[in-house]
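Text of the file final-v9.cif, holding mmCIF, C-alpha atoms:
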data_model
loop_
_atom_site.group_PDB
_atom_site.id
_atom_site.type_symbol
_atom_site.label_atom_id
_atom_site.label_comp_id
_atom_site.auth_asym_id
_atom_site.auth_seq_id
_atom_site.Cartn_x
_atom_site.Cartn_y
_atom_site.Cartn_z
ATOM 1 C CA MET A 1 -19.825 -17.744 -17.460
ATOM 2 C CA ALA A 2 -18.002 -16.525 -14.392
ATOM 3 C CA LYS A 3 -18.072 -17.189 -10.696
ATOM 4 C CA VAL A 4 -16.978 -15.206 -7.660
ATOM 5 C CA THR A 5 -16.469 -16.834 -4.264
ATOM 6 C CA PHE A 6 -16.397 -14.823 -1.043
ATOM 7 C CA LYS A 7 -14.564 -15.999 2.074
ATOM 8 C CA THR A 8 -17.246 -14.328 4.154
ATOM 9 C CA ASP A 9 -15.567 -14.965 7.506
ATOM 10 C CA ILE A 10 -12.673 -12.588 6.748
ATOM 11 C CA CYS A 11 -14.854 -9.901 5.098
ATOM 12 C CA LYS A 12 -14.948 -6.601 7.030
ATOM 13 C CA GLY A 13 -17.950 -5.190 5.191
ATOM 14 C CA CYS A 14 -16.083 -2.146 3.837
ATOM 15 C CA ALA A 15 -18.124 -2.365 0.615
ATOM 16 C CA LEU A 16 -15.287 -1.263 -1.690
ATOM 17 C CA CYS A 17 -16.218 -4.248 -3.889
ATOM 18 C CA VAL A 18 -19.842 -3.081 -3.988
ATOM 19 C CA ASP A 19 -18.774 0.205 -5.591
ATOM 20 C CA ALA A 20 -16.189 -1.424 -7.865
ATOM 21 C CA CYS A 21 -18.620 -3.891 -9.476
ATOM 22 C CA PRO A 22 -19.623 -2.609 -12.949
ATOM 23 C CA LYS A 23 -22.723 -4.842 -12.940
ATOM 24 C CA ASN A 24 -23.931 -3.740 -9.481
ATOM 25 C CA ILE A 25 -24.501 -7.325 -8.378
ATOM 26 C CA ILE A 26 -22.635 -7.207 -5.052
ATOM 27 C CA GLU A 27 -24.209 -5.998 -1.834
ATOM 28 C CA LEU A 28 -23.647 -6.349 1.889
ATOM 29 C CA SER A 29 -25.796 -9.136 3.298
ATOM 30 C CA LYS A 30 -28.777 -7.749 5.177
ATOM 31 C CA THR A 31 -29.374 -10.930 7.151
ATOM 32 C CA GLU A 32 -26.003 -12.598 7.671
ATOM 33 C CA LEU A 33 -23.332 -11.687 10.230
ATOM 34 C CA ASN A 34 -19.852 -13.217 10.068
ATOM 35 C CA VAL A 35 -17.547 -14.198 12.941
ATOM 36 C CA LYS A 36 -16.062 -10.682 12.993
ATOM 37 C CA GLY A 37 -19.548 -9.209 13.422
ATOM 38 C CA HIS A 38 -19.700 -7.595 9.981
ATOM 39 C CA HIS A 39 -22.350 -7.904 7.292
ATOM 40 C CA PRO A 40 -20.284 -9.652 4.595
ATOM 41 C CA ALA A 41 -20.395 -8.889 0.877
ATOM 42 C CA VAL A 42 -22.399 -11.325 -1.229
ATOM 43 C CA CYS A 43 -23.162 -11.679 -4.939
ATOM 44 C CA ILE A 44 -26.892 -11.365 -5.595
ATOM 45 C CA ASP A 45 -26.936 -12.367 -9.287
ATOM 46 C CA MET A 46 -24.118 -14.730 -10.213
ATOM 47 C CA ASP A 47 -25.479 -15.210 -13.752
ATOM 48 C CA ALA A 48 -24.802 -11.543 -14.508
ATOM 49 C CA CYS A 49 -21.164 -11.760 -13.367
ATOM 50 C CA ILE A 50 -18.642 -11.130 -16.183
ATOM 51 C CA GLY A 51 -15.579 -12.198 -14.179
ATOM 52 C CA CYS A 52 -13.797 -8.843 -14.558
ATOM 53 C CA ALA A 53 -12.284 -9.163 -11.048
ATOM 54 C CA ALA A 54 -12.800 -5.465 -10.292
ATOM 55 C CA CYS A 55 -14.281 -6.451 -6.907
ATOM 56 C CA ALA A 56 -11.289 -8.615 -6.047
ATOM 57 C CA THR A 57 -8.865 -5.902 -7.224
ATOM 58 C CA MET A 58 -10.351 -3.395 -4.770
ATOM 59 C CA CYS A 59 -10.818 -5.849 -1.872
ATOM 60 C CA PRO A 60 -8.260 -5.037 0.847
ATOM 61 C CA ASP A 61 -8.642 -8.427 2.524
ATOM 62 C CA CYS A 62 -8.301 -10.992 -0.298
ATOM 63 C CA VAL A 63 -11.859 -12.172 0.378
ATOM 64 C CA ILE A 64 -12.731 -12.765 -3.260
ATOM 65 C CA THR A 65 -11.681 -15.519 -5.674
ATOM 66 C CA VAL A 66 -12.722 -15.087 -9.300
ATOM 67 C CA GLU A 67 -13.154 -17.906 -11.799
ATOM 68 C CA ARG A 68 -13.893 -17.470 -15.465
ATOM 69 C CA MET B 1 -13.451 -22.445 -15.412
ATOM 70 C CA ALA B 2 -10.001 -21.273 -14.438
ATOM 71 C CA VAL B 3 -9.173 -19.198 -11.400
ATOM 72 C CA VAL B 4 -8.304 -15.715 -12.659
ATOM 73 C CA PHE B 5 -7.931 -14.007 -9.291
ATOM 74 C CA SER B 6 -7.073 -15.374 -5.862
ATOM 75 C CA LYS B 7 -4.910 -14.586 -2.860
ATOM 76 C CA PRO B 8 -1.215 -14.526 -3.860
ATOM 77 C CA HIS B 9 0.986 -17.277 -2.433
ATOM 78 C CA SER B 10 3.319 -14.744 -0.801
ATOM 79 C CA LEU B 11 0.545 -13.664 1.566
ATOM 80 C CA THR B 12 -0.181 -15.857 4.574
ATOM 81 C CA ASP B 13 -3.691 -17.001 5.506
ATOM 82 C CA LYS B 14 -3.733 -14.746 8.553
ATOM 83 C CA SER B 15 -6.579 -12.229 8.547
ATOM 84 C CA LEU B 16 -5.292 -8.636 8.299
ATOM 85 C CA HIS B 17 -5.735 -6.510 11.418
ATOM 86 C CA TYR B 18 -6.292 -3.308 9.417
ATOM 87 C CA CYS B 19 -9.552 -1.365 9.750
ATOM 88 C CA PRO B 20 -12.364 -2.042 7.241
ATOM 89 C CA GLY B 21 -11.634 -0.353 3.921
ATOM 90 C CA CYS B 22 -7.985 0.432 4.735
ATOM 91 C CA THR B 23 -5.956 0.302 1.520
ATOM 92 C CA HIS B 24 -2.966 -1.254 3.329
ATOM 93 C CA GLY B 25 -4.565 -4.593 2.406
ATOM 94 C CA ILE B 26 -4.602 -3.755 -1.310
ATOM 95 C CA ILE B 27 -0.950 -2.666 -1.231
ATOM 96 C CA HIS B 28 0.087 -5.785 0.735
ATOM 97 C CA ARG B 29 -1.561 -7.868 -1.962
ATOM 98 C CA LEU B 30 0.166 -5.961 -4.790
ATOM 99 C CA VAL B 31 3.585 -6.468 -3.192
ATOM 100 C CA ALA B 32 2.826 -10.179 -2.713
ATOM 101 C CA GLU B 33 1.620 -10.529 -6.324
ATOM 102 C CA VAL B 34 4.851 -8.946 -7.573
ATOM 103 C CA ILE B 35 6.947 -11.272 -5.371
ATOM 104 C CA ASP B 36 4.995 -14.218 -6.841
ATOM 105 C CA GLU B 37 5.384 -13.037 -10.430
ATOM 106 C CA LEU B 38 9.126 -12.402 -10.119
ATOM 107 C CA GLU B 39 9.486 -15.805 -8.377
ATOM 108 C CA ILE B 40 11.591 -14.319 -5.587
ATOM 109 C CA GLU B 41 9.559 -15.518 -2.592
ATOM 110 C CA GLY B 42 12.403 -17.644 -1.226
ATOM 111 C CA ASP B 43 14.975 -14.883 -1.716
ATOM 112 C CA THR B 44 13.056 -11.917 -0.357
ATOM 113 C CA ILE B 45 13.596 -10.319 3.045
ATOM 114 C CA GLY B 46 11.163 -7.629 4.170
ATOM 115 C CA VAL B 47 11.778 -4.915 6.713
ATOM 116 C CA ALA B 48 8.685 -3.770 8.596
ATOM 117 C CA SER B 49 8.363 -0.317 10.084
ATOM 118 C CA VAL B 50 6.601 1.023 13.131
ATOM 119 C CA GLY B 51 3.023 2.073 12.506
ATOM 120 C CA CYS B 52 -0.064 0.212 11.341
ATOM 121 C CA SER B 53 2.173 -1.978 9.166
ATOM 122 C CA VAL B 54 4.239 -3.021 12.197
ATOM 123 C CA MET B 55 2.878 -6.557 11.970
ATOM 124 C CA ALA B 56 3.563 -7.003 8.246
ATOM 125 C CA TYR B 57 5.809 -9.930 9.198
ATOM 126 C CA ASP B 58 2.661 -11.914 10.008
ATOM 127 C CA TYR B 59 1.181 -11.357 6.571
ATOM 128 C CA PHE B 60 3.999 -11.977 4.080
ATOM 129 C CA ASN B 61 5.310 -15.478 3.434
ATOM 130 C CA VAL B 62 8.898 -14.199 3.420
ATOM 131 C CA ASP B 63 11.561 -13.590 6.069
ATOM 132 C CA PHE B 64 11.128 -10.334 7.927
ATOM 133 C CA VAL B 65 13.007 -7.959 10.179
ATOM 134 C CA GLN B 66 11.161 -5.504 12.392
ATOM 135 C CA ALA B 67 13.086 -2.236 12.467
ATOM 136 C CA ALA B 68 13.010 0.488 15.103
ATOM 137 C CA HIS B 69 10.870 3.496 14.241
ATOM 138 C CA GLY B 70 12.097 5.085 11.011
ATOM 139 C CA ARG B 71 15.189 2.897 10.738
ATOM 140 C CA ALA B 72 13.927 0.464 8.101
ATOM 141 C CA PRO B 73 16.157 1.789 5.253
ATOM 142 C CA ALA B 74 19.208 1.502 7.543
ATOM 143 C CA VAL B 75 18.284 -2.058 8.532
ATOM 144 C CA ALA B 76 17.598 -2.905 4.886
ATOM 145 C CA THR B 77 21.033 -1.519 4.004
ATOM 146 C CA GLY B 78 22.618 -3.897 6.489
ATOM 147 C CA VAL B 79 20.643 -6.896 5.296
ATOM 148 C CA LYS B 80 21.332 -6.181 1.630
ATOM 149 C CA ARG B 81 25.057 -5.545 2.127
ATOM 150 C CA SER B 82 25.514 -8.685 4.201
ATOM 151 C CA ASP B 83 23.844 -10.828 1.521
ATOM 152 C CA PRO B 84 23.481 -9.003 -1.817
ATOM 153 C CA SER B 85 21.806 -12.053 -3.369
ATOM 154 C CA LYS B 86 18.639 -11.367 -1.337
ATOM 155 C CA ILE B 87 15.867 -9.040 -2.463
ATOM 156 C CA VAL B 88 15.266 -6.570 0.358
ATOM 157 C CA PHE B 89 12.261 -4.289 0.657
ATOM 158 C CA THR B 90 10.919 -2.009 3.344
ATOM 159 C CA TYR B 91 7.248 -1.243 3.927
ATOM 160 C CA GLN B 92 6.839 2.062 5.740
ATOM 161 C CA GLY B 93 4.155 4.599 6.488
ATOM 162 C CA ASP B 94 4.481 8.368 6.379
ATOM 163 C CA GLY B 95 4.820 8.742 10.146
ATOM 164 C CA ASP B 96 7.788 6.395 9.933
ATOM 165 C CA LEU B 97 9.529 7.252 6.678
ATOM 166 C CA ALA B 98 8.742 10.969 6.400
ATOM 167 C CA ALA B 99 9.093 11.916 10.073
ATOM 168 C CA ILE B 100 11.513 10.090 12.338
ATOM 169 C CA GLY B 101 13.037 8.211 9.391
ATOM 170 C CA THR B 102 13.733 11.117 7.032
ATOM 171 C CA ALA B 103 17.496 10.963 7.532
ATOM 172 C CA GLU B 104 17.685 7.206 6.910
ATOM 173 C CA THR B 105 15.580 7.564 3.771
ATOM 174 C CA VAL B 106 17.557 10.469 2.326
ATOM 175 C CA HIS B 107 20.918 8.841 3.008
ATOM 176 C CA ALA B 108 19.884 5.425 1.712
ATOM 177 C CA ALA B 109 18.910 7.214 -1.508
ATOM 178 C CA ALA B 110 22.148 9.199 -1.546
ATOM 179 C CA ARG B 111 24.165 5.967 -1.222
ATOM 180 C CA ARG B 112 22.087 4.398 -4.010
ATOM 181 C CA GLU B 113 21.444 1.356 -1.842
ATOM 182 C CA ASN B 114 20.089 -1.447 -4.002
ATOM 183 C CA ILE B 115 16.814 -1.746 -2.038
ATOM 184 C CA THR B 116 13.112 -1.221 -2.684
ATOM 185 C CA ILE B 117 10.999 1.009 -0.459
ATOM 186 C CA ILE B 118 7.205 0.884 -0.424
ATOM 187 C CA PHE B 119 6.095 4.146 1.174
ATOM 188 C CA ILE B 120 2.462 4.437 2.276
ATOM 189 C CA ASN B 121 1.331 8.059 2.477
ATOM 190 C CA ASN B 122 -2.056 8.593 4.100
ATOM 191 C CA ALA B 123 -1.230 11.997 5.613
ATOM 192 C CA ILE B 124 -1.844 10.920 9.209
ATOM 193 C CA TYR B 125 -0.491 8.754 12.037
ATOM 194 C CA GLY B 126 -2.868 5.794 11.928
ATOM 195 C CA MET B 127 -1.776 3.382 14.648
ATOM 196 C CA THR B 128 -1.452 5.949 17.417
ATOM 197 C CA GLY B 129 -4.900 7.414 16.829
ATOM 198 C CA GLY B 130 -4.829 10.021 14.081
ATOM 199 C CA GLN B 131 -2.226 12.644 14.987
ATOM 200 C CA MET B 132 -0.851 15.153 12.492
ATOM 201 C CA ALA B 133 1.973 13.778 10.338
ATOM 202 C CA PRO B 134 4.616 15.662 8.312
ATOM 203 C CA THR B 135 2.505 14.805 5.265
ATOM 204 C CA THR B 136 -0.808 16.119 6.651
ATOM 205 C CA LEU B 137 -2.421 18.559 4.199
ATOM 206 C CA PRO B 138 -2.667 22.273 5.089
ATOM 207 C CA GLY B 139 -5.977 22.867 6.864
ATOM 208 C CA MET B 140 -6.566 19.142 7.459
ATOM 209 C CA VAL B 141 -8.150 18.348 10.821
ATOM 210 C CA THR B 142 -6.415 15.700 12.945
ATOM 211 C CA GLN B 143 -6.313 14.883 16.670
ATOM 212 C CA THR B 144 -3.371 17.248 17.158
ATOM 213 C CA SER B 145 -4.521 19.906 14.681
ATOM 214 C CA PRO B 146 -8.198 20.241 15.701
ATOM 215 C CA TYR B 147 -8.538 23.570 13.850
ATOM 216 C CA GLY B 148 -6.779 22.259 10.767
ATOM 217 C CA ARG B 149 -3.052 22.172 10.028
ATOM 218 C CA ASP B 150 -1.768 25.714 10.454
ATOM 219 C CA VAL B 151 1.250 26.057 8.151
ATOM 220 C CA GLU B 152 2.301 29.257 9.940
ATOM 221 C CA ALA B 153 2.770 27.325 13.166
ATOM 222 C CA VAL B 154 3.809 23.824 12.085
ATOM 223 C CA GLY B 155 5.060 24.184 8.533
ATOM 224 C CA PHE B 156 4.221 22.624 5.215
ATOM 225 C CA PRO B 157 3.792 18.986 4.126
ATOM 226 C CA ILE B 158 6.931 17.095 3.165
ATOM 227 C CA LYS B 159 6.721 15.702 -0.355
ATOM 228 C CA ILE B 160 9.068 12.752 -0.379
ATOM 229 C CA CYS B 161 9.158 12.001 -4.129
ATOM 230 C CA GLU B 162 9.886 15.655 -4.978
ATOM 231 C CA LEU B 163 12.497 15.796 -2.208
ATOM 232 C CA LEU B 164 14.337 12.629 -3.253
ATOM 233 C CA SER B 165 14.197 13.495 -6.958
ATOM 234 C CA ASN B 166 16.960 16.040 -6.270
ATOM 235 C CA ILE B 167 19.240 13.340 -4.916
ATOM 236 C CA GLU B 168 21.722 12.003 -7.431
ATOM 237 C CA GLY B 169 21.740 8.510 -5.940
ATOM 238 C CA ALA B 170 18.005 7.834 -6.313
ATOM 239 C CA THR B 171 17.278 5.516 -9.235
ATOM 240 C CA TYR B 172 13.516 5.239 -9.533
ATOM 241 C CA LEU B 173 10.832 7.277 -7.784
ATOM 242 C CA GLU B 174 7.151 7.074 -8.593
ATOM 243 C CA ARG B 175 3.978 8.193 -6.837
ATOM 244 C CA VAL B 176 0.881 6.049 -7.364
ATOM 245 C CA THR B 177 -2.457 5.556 -5.653
ATOM 246 C CA VAL B 178 -5.027 2.789 -5.210
ATOM 247 C CA ASN B 179 -8.351 4.654 -5.255
ATOM 248 C CA ASN B 180 -9.812 2.772 -8.223
ATOM 249 C CA VAL B 181 -9.219 -0.347 -10.310
ATOM 250 C CA ALA B 182 -7.156 1.441 -12.989
ATOM 251 C CA ASN B 183 -4.898 3.082 -10.401
ATOM 252 C CA VAL B 184 -4.416 -0.232 -8.564
ATOM 253 C CA LYS B 185 -3.140 -1.765 -11.802
ATOM 254 C CA LYS B 186 -0.794 1.200 -12.355
ATOM 255 C CA ALA B 187 0.437 0.888 -8.776
ATOM 256 C CA LYS B 188 1.226 -2.768 -9.343
ATOM 257 C CA ARG B 189 3.253 -1.941 -12.470
ATOM 258 C CA ALA B 190 5.268 0.614 -10.497
ATOM 259 C CA ILE B 191 5.895 -1.800 -7.601
ATOM 260 C CA LYS B 192 6.932 -4.503 -10.041
ATOM 261 C CA LYS B 193 9.413 -2.171 -11.709
ATOM 262 C CA ALA B 194 10.820 -1.190 -8.317
ATOM 263 C CA PHE B 195 11.492 -4.855 -7.458
ATOM 264 C CA GLN B 196 12.765 -5.592 -10.971
ATOM 265 C CA ASN B 197 15.282 -2.737 -10.614
ATOM 266 C CA GLN B 198 16.674 -4.373 -7.511
ATOM 267 C CA VAL B 199 16.866 -7.803 -9.157
ATOM 268 C CA GLU B 200 18.877 -6.167 -11.956
ATOM 269 C CA GLY B 201 21.079 -4.295 -9.460
ATOM 270 C CA LYS B 202 20.012 -0.851 -10.606
ATOM 271 C CA GLY B 203 19.833 0.755 -7.176
ATOM 272 C CA PHE B 204 17.441 2.722 -4.982
ATOM 273 C CA SER B 205 13.735 2.524 -5.858
ATOM 274 C CA LEU B 206 10.942 4.131 -3.857
ATOM 275 C CA ILE B 207 7.232 3.853 -4.624
ATOM 276 C CA GLU B 208 5.008 6.290 -2.761
ATOM 277 C CA VAL B 209 1.427 5.011 -2.556
ATOM 278 C CA VAL B 210 -1.175 7.652 -1.708
ATOM 279 C CA SER B 211 -3.383 5.706 0.658
ATOM 280 C CA THR B 212 -6.394 6.085 2.945
ATOM 281 C CA CYS B 213 -7.121 6.039 6.657
ATOM 282 C CA PRO B 214 -10.926 5.877 6.885
ATOM 283 C CA THR B 215 -10.939 5.537 10.677
ATOM 284 C CA ASN B 216 -8.771 8.547 11.480
ATOM 285 C CA TRP B 217 -9.946 10.688 8.581
ATOM 286 C CA GLY B 218 -13.448 10.155 9.994
ATOM 287 C CA LEU B 219 -14.760 9.115 6.581
ATOM 288 C CA SER B 220 -16.372 5.972 5.189
ATOM 289 C CA PRO B 221 -14.153 3.751 2.991
ATOM 290 C CA GLN B 222 -15.956 5.091 -0.089
ATOM 291 C CA LYS B 223 -15.619 8.752 0.948
ATOM 292 C CA SER B 224 -11.947 8.115 1.729
ATOM 293 C CA LEU B 225 -11.307 7.059 -1.862
ATOM 294 C CA GLU B 226 -13.081 10.242 -2.993
ATOM 295 C CA PHE B 227 -10.925 12.278 -0.582
ATOM 296 C CA ILE B 228 -7.837 10.917 -2.344
ATOM 297 C CA GLU B 229 -9.163 12.222 -5.658
ATOM 298 C CA THR B 230 -10.377 15.604 -4.398
ATOM 299 C CA ASP B 231 -7.811 16.546 -1.759
ATOM 300 C CA MET B 232 -4.768 14.272 -1.697
ATOM 301 C CA LEU B 233 -3.921 14.117 -5.408
ATOM 302 C CA PRO B 234 -3.872 17.905 -5.973
ATOM 303 C CA ALA B 235 -1.258 18.106 -3.198
ATOM 304 C CA TYR B 236 0.522 14.883 -4.143
ATOM 305 C CA PRO B 237 0.438 14.615 -7.957
ATOM 306 C CA LEU B 238 0.928 11.125 -9.374
ATOM 307 C CA GLY B 239 3.736 10.294 -11.739
ATOM 308 C CA VAL B 240 7.334 9.215 -12.199
ATOM 309 C CA TYR B 241 9.588 11.666 -10.364
ATOM 310 C CA LYS B 242 12.883 10.123 -11.344
ATOM 311 C CA ASP B 243 13.867 7.203 -13.511
ATOM 312 C CA ILE B 244 17.463 6.725 -14.579
ATOM 313 C CA THR B 245 17.122 2.985 -15.196
ATOM 314 C CA GLY B 246 17.296 3.508 -18.955
ATOM 315 C CA GLU B 247 20.491 5.557 -18.759
ATOM 316 C CA GLU B 248 24.072 4.370 -18.702
ATOM 317 C CA LYS B 249 25.603 4.489 -15.264
#
Conversion result in structure tokens:
Amino acid sequence: MAKVTFKTDICKGCALCVDACPKNIIELSKTELNVKGHHPAVCIDMDACIGCAACATMCPDCVITVER
Amino acid sequence: MAVVFSKPHSLTDKSLHYCPGCTHGIIHRLVAEVIDELEIEGDTIGVASVGCSVMAYDYFNVDFVQAAHGRAPAVATGVKRSDPSKIVFTYQGDGDLAAIGTAETVHAAARRENITIIFINNAIYGMTGGQMAPTTLPGMVTQTSPYGRDVEAVGFPIKICELLSNIEGATYLERVTVNNVANVKKAKRAIKKAFQNQVEGKGFSLIEVVSTCPTNWGLSPQKSLEFIETDMLPAYPLGVYKDITGEEK
């Protein structure tokens, strides 16, 4: 049981977390735009998350908080 | 559930101005995590350089000095000597440390100043728009080397870790990178050791972080990380270049 939370307003949509995720459950939102005008990263299958924090480790903007 | 990863306390809530995918953000976070773990937030004074990291004072929850271009090691020397109880670090890019600041860097190492230098090497001048830096790879295209860096005309890249490893005063020199999760963890270990050395009064530590500049390299953030692996690391091999912390002095 793990949970990742994205502060979507400071996300710049660089997608480094998308590549870092070993479960491939992060993608850039296709519908949402944040205040910076980027498509922010979102988790599409929270149940599959293992809480490894690889996404947060590669995030340059401290967008991601990981709970486990 | 317990929080296993969140923004370190030593970083402020201000949103970073760096371009999307720029690894400056990762390195800022690593430095802040180390300051948190060593519990030195109230005793740390940073020295910012000129370059993309010029506004680092906005992002770290510690006191900061903004040095003139290249002069951060000299300013750090002054700060450290006037109050040796403080932990003093500089955060400099390659256009700052390896170009206009070469003399300050070399002589701070020669004097074995008890400071920590975080040196970001992305082989280009980022803030001013992607000009050729002393660290630009041979053949690499930049705004001021549109046909690729011609070593016959402008010389070869300066390799700071190799250069400083010949200086007797340097205590700890390591080159790391942040292109994947494993390397980020290694980079954090190196940065932590560099700060720990200063806490223990062991002298001059410099960590060179091979970094990216997606905007001025003209690559996506993902391709930039690949460029580190395929092009940067063969020219700038990772590793410990000098470590005399275990020896008697």
Which residues of chain B have any atom within 6 Å of an atom in chain A when counting all atoms listed in the file, and what is the closest pair of atoms for each, with the distance in Å to one decimal? Order the rows by chain and rising number and write it as CSV.
residue,atom,partner,partner_atom,distance
B:Met1,CA,A:Arg68,CA,5.0
B:Ala2,CA,A:Glu67,CA,5.3
B:Val3,CA,A:Glu67,CA,4.2
B:Val4,CA,A:Glu67,CA,5.4
B:Phe5,CA,A:Val66,CA,4.9
B:Ser6,CA,A:Thr65,CA,4.6
B:Lys7,CA,A:Cys62,CA,5.6
B:Pro20,CA,A:Cys14,CA,5.0
B:Gly21,CA,A:Cys14,CA,4.8
B:Thr23,CA,A:Pro60,CA,5.9
B:Gly25,CA,A:Pro60,CA,4.0
B:Ile26,CA,A:Pro60,CA,4.4
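Of the residues listed (B:Trp217, B:Tyr236, B:Tyr91, B:Phe204), B:Tyr236 shows the shortest atom-to-atom separation from Cys161 in chain B; distances use only C-alpha atoms.
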Note to self: Evaluate the PyMOL selection byres ((chain A and resi 41) around 6) against this structure - the residues, as a list in words, please.
What the structure shows: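 Evaluating the PyMOL selection byres ((chain A and resi 41) around 6) on these coordinates yields Glu27, Leu28, Ser29, Pro40 and Val42 of chain A.
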Notebook entry, point to check: So which residues touch Asn183 in chain B within 12 Å, counting only C-alpha atoms, skipping near sequence neighbours fewer than 5 positions away, as a ChimeraX atom specification?
Noted result: /A:54,57-58 /B:26-27,30,175-178,188-190,209-211,225,228-229,238-239
Next item on the list: Starting from the shown file, work through the PyMOL selection byres ((chain B and resi 75) around 10) and note down what comes out as an NGL selection string.
Entry: :B and (47-48 or 65-68 or 70-74 or 76-81 or 88 or 90 or 104)
Could the residues in this selection be written to a file with C-alpha atoms, as a compact mmCIF listing (two decimals), keeping the file's coordinate frame?
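Contents of selection-v7.txt, freshly written:
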# COMPACT_ATOMS: atom_id res chain seq x y z
CA VAL B 47 11.78 -4.92 6.71
CA ALA B 48 8.68 -3.77 8.60
CA VAL B 65 13.01 -7.96 10.18
CA GLN B 66 11.16 -5.50 12.39
CA ALA B 67 13.09 -2.24 12.47
CA ALA B 68 13.01 0.49 15.10
CA GLY B 70 12.10 5.08 11.01
CA ARG B 71 15.19 2.90 10.74
CA ALA B 72 13.93 0.46 8.10
CA PRO B 73 16.16 1.79 5.25
CA ALA B 74 19.21 1.50 7.54
CA ALA B 76 17.60 -2.90 4.89
CA THR B 77 21.03 -1.52 4.00
CA GLY B 78 22.62 -3.90 6.49
CA VAL B 79 20.64 -6.90 5.30
CA LYS B 80 21.33 -6.18 1.63
CA ARG B 81 25.06 -5.54 2.13
CA VAL B 88 15.27 -6.57 0.36
CA THR B 90 10.92 -2.01 3.34
CA GLU B 104 17.68 7.21 6.91
Item checked: Between CA of Tyr18 in chain B and CA of Asp96 in chain B, distance in Å (one decimal) ->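 Straight-line distance from CA of Tyr18 in chain B to CA of Asp96 in chain B works out to 17.1 Å.
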Note to self: Rounded to one decimal, what separation in Å do you get between CA of Lys193 in chain B and CA of Thr12 in chain B?
What the structure shows: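 Separation between CA of Lys193 in chain B and CA of Thr12 in chain B: 23.3 Å.
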Can you rebuild range 135-147 of chain B with N, CA and C atoms and give it as an mmCIF file, in the frame of the given file?
data_model
loop_
_atom_site.group_PDB
_atom_site.id
_atom_site.type_symbol
_atom_site.label_atom_id
_atom_site.label_comp_id
_atom_site.auth_asym_id
_atom_site.auth_seq_id
_atom_site.Cartn_x
_atom_site.Cartn_y
_atom_site.Cartn_z
ATOM 1 N N THR B 135 3.158 14.799 6.572
ATOM 2 C CA THR B 135 2.505 14.805 5.265
ATOM 3 C C THR B 135 1.060 15.306 5.326
ATOM 4 N N THR B 136 0.570 15.634 6.517
ATOM 5 C CA THR B 136 -0.808 16.119 6.651
ATOM 6 C C THR B 136 -1.012 17.380 5.799
ATOM 7 N N LEU B 137 -2.159 17.445 5.115
ATOM 8 C CA LEU B 137 -2.421 18.559 4.199
ATOM 9 C C LEU B 137 -2.681 19.843 4.987
ATOM 10 N N PRO B 138 -2.338 21.006 4.422
ATOM 11 C CA PRO B 138 -2.667 22.273 5.089
ATOM 12 C C PRO B 138 -4.176 22.370 5.328
ATOM 13 N N GLY B 139 -4.553 22.730 6.536
ATOM 14 C CA GLY B 139 -5.977 22.867 6.864
ATOM 15 C C GLY B 139 -6.655 21.575 7.260
ATOM 16 N N MET B 140 -5.940 20.436 7.159
ATOM 17 C CA MET B 140 -6.566 19.142 7.459
ATOM 18 C C MET B 140 -6.692 18.955 8.974
ATOM 19 N N VAL B 141 -7.876 18.527 9.393
ATOM 20 C CA VAL B 141 -8.150 18.348 10.821
ATOM 21 C C VAL B 141 -7.658 16.980 11.277
ATOM 22 N N THR B 142 -6.850 16.952 12.321
ATOM 23 C CA THR B 142 -6.415 15.700 12.945
ATOM 24 C C THR B 142 -6.557 15.857 14.455
ATOM 25 N N GLN B 143 -6.210 14.805 15.206
ATOM 26 C CA GLN B 143 -6.313 14.883 16.670
ATOM 27 C C GLN B 143 -5.436 16.000 17.235
ATOM 28 N N THR B 144 -4.285 16.233 16.620
ATOM 29 C CA THR B 144 -3.371 17.248 17.158
ATOM 30 C C THR B 144 -3.393 18.543 16.349
ATOM 31 N N SER B 145 -4.291 18.622 15.365
ATOM 32 C CA SER B 145 -4.521 19.906 14.681
ATOM 33 C C SER B 145 -6.040 20.068 14.554
ATOM 34 N N PRO B 146 -6.729 20.245 15.703
ATOM 35 C CA PRO B 146 -8.198 20.241 15.701
ATOM 36 C C PRO B 146 -8.809 21.401 14.921
ATOM 37 N N TYR B 147 -8.018 22.460 14.655
ATOM 38 C CA TYR B 147 -8.538 23.570 13.850
ATOM 39 C C TYR B 147 -7.986 23.512 12.437
#
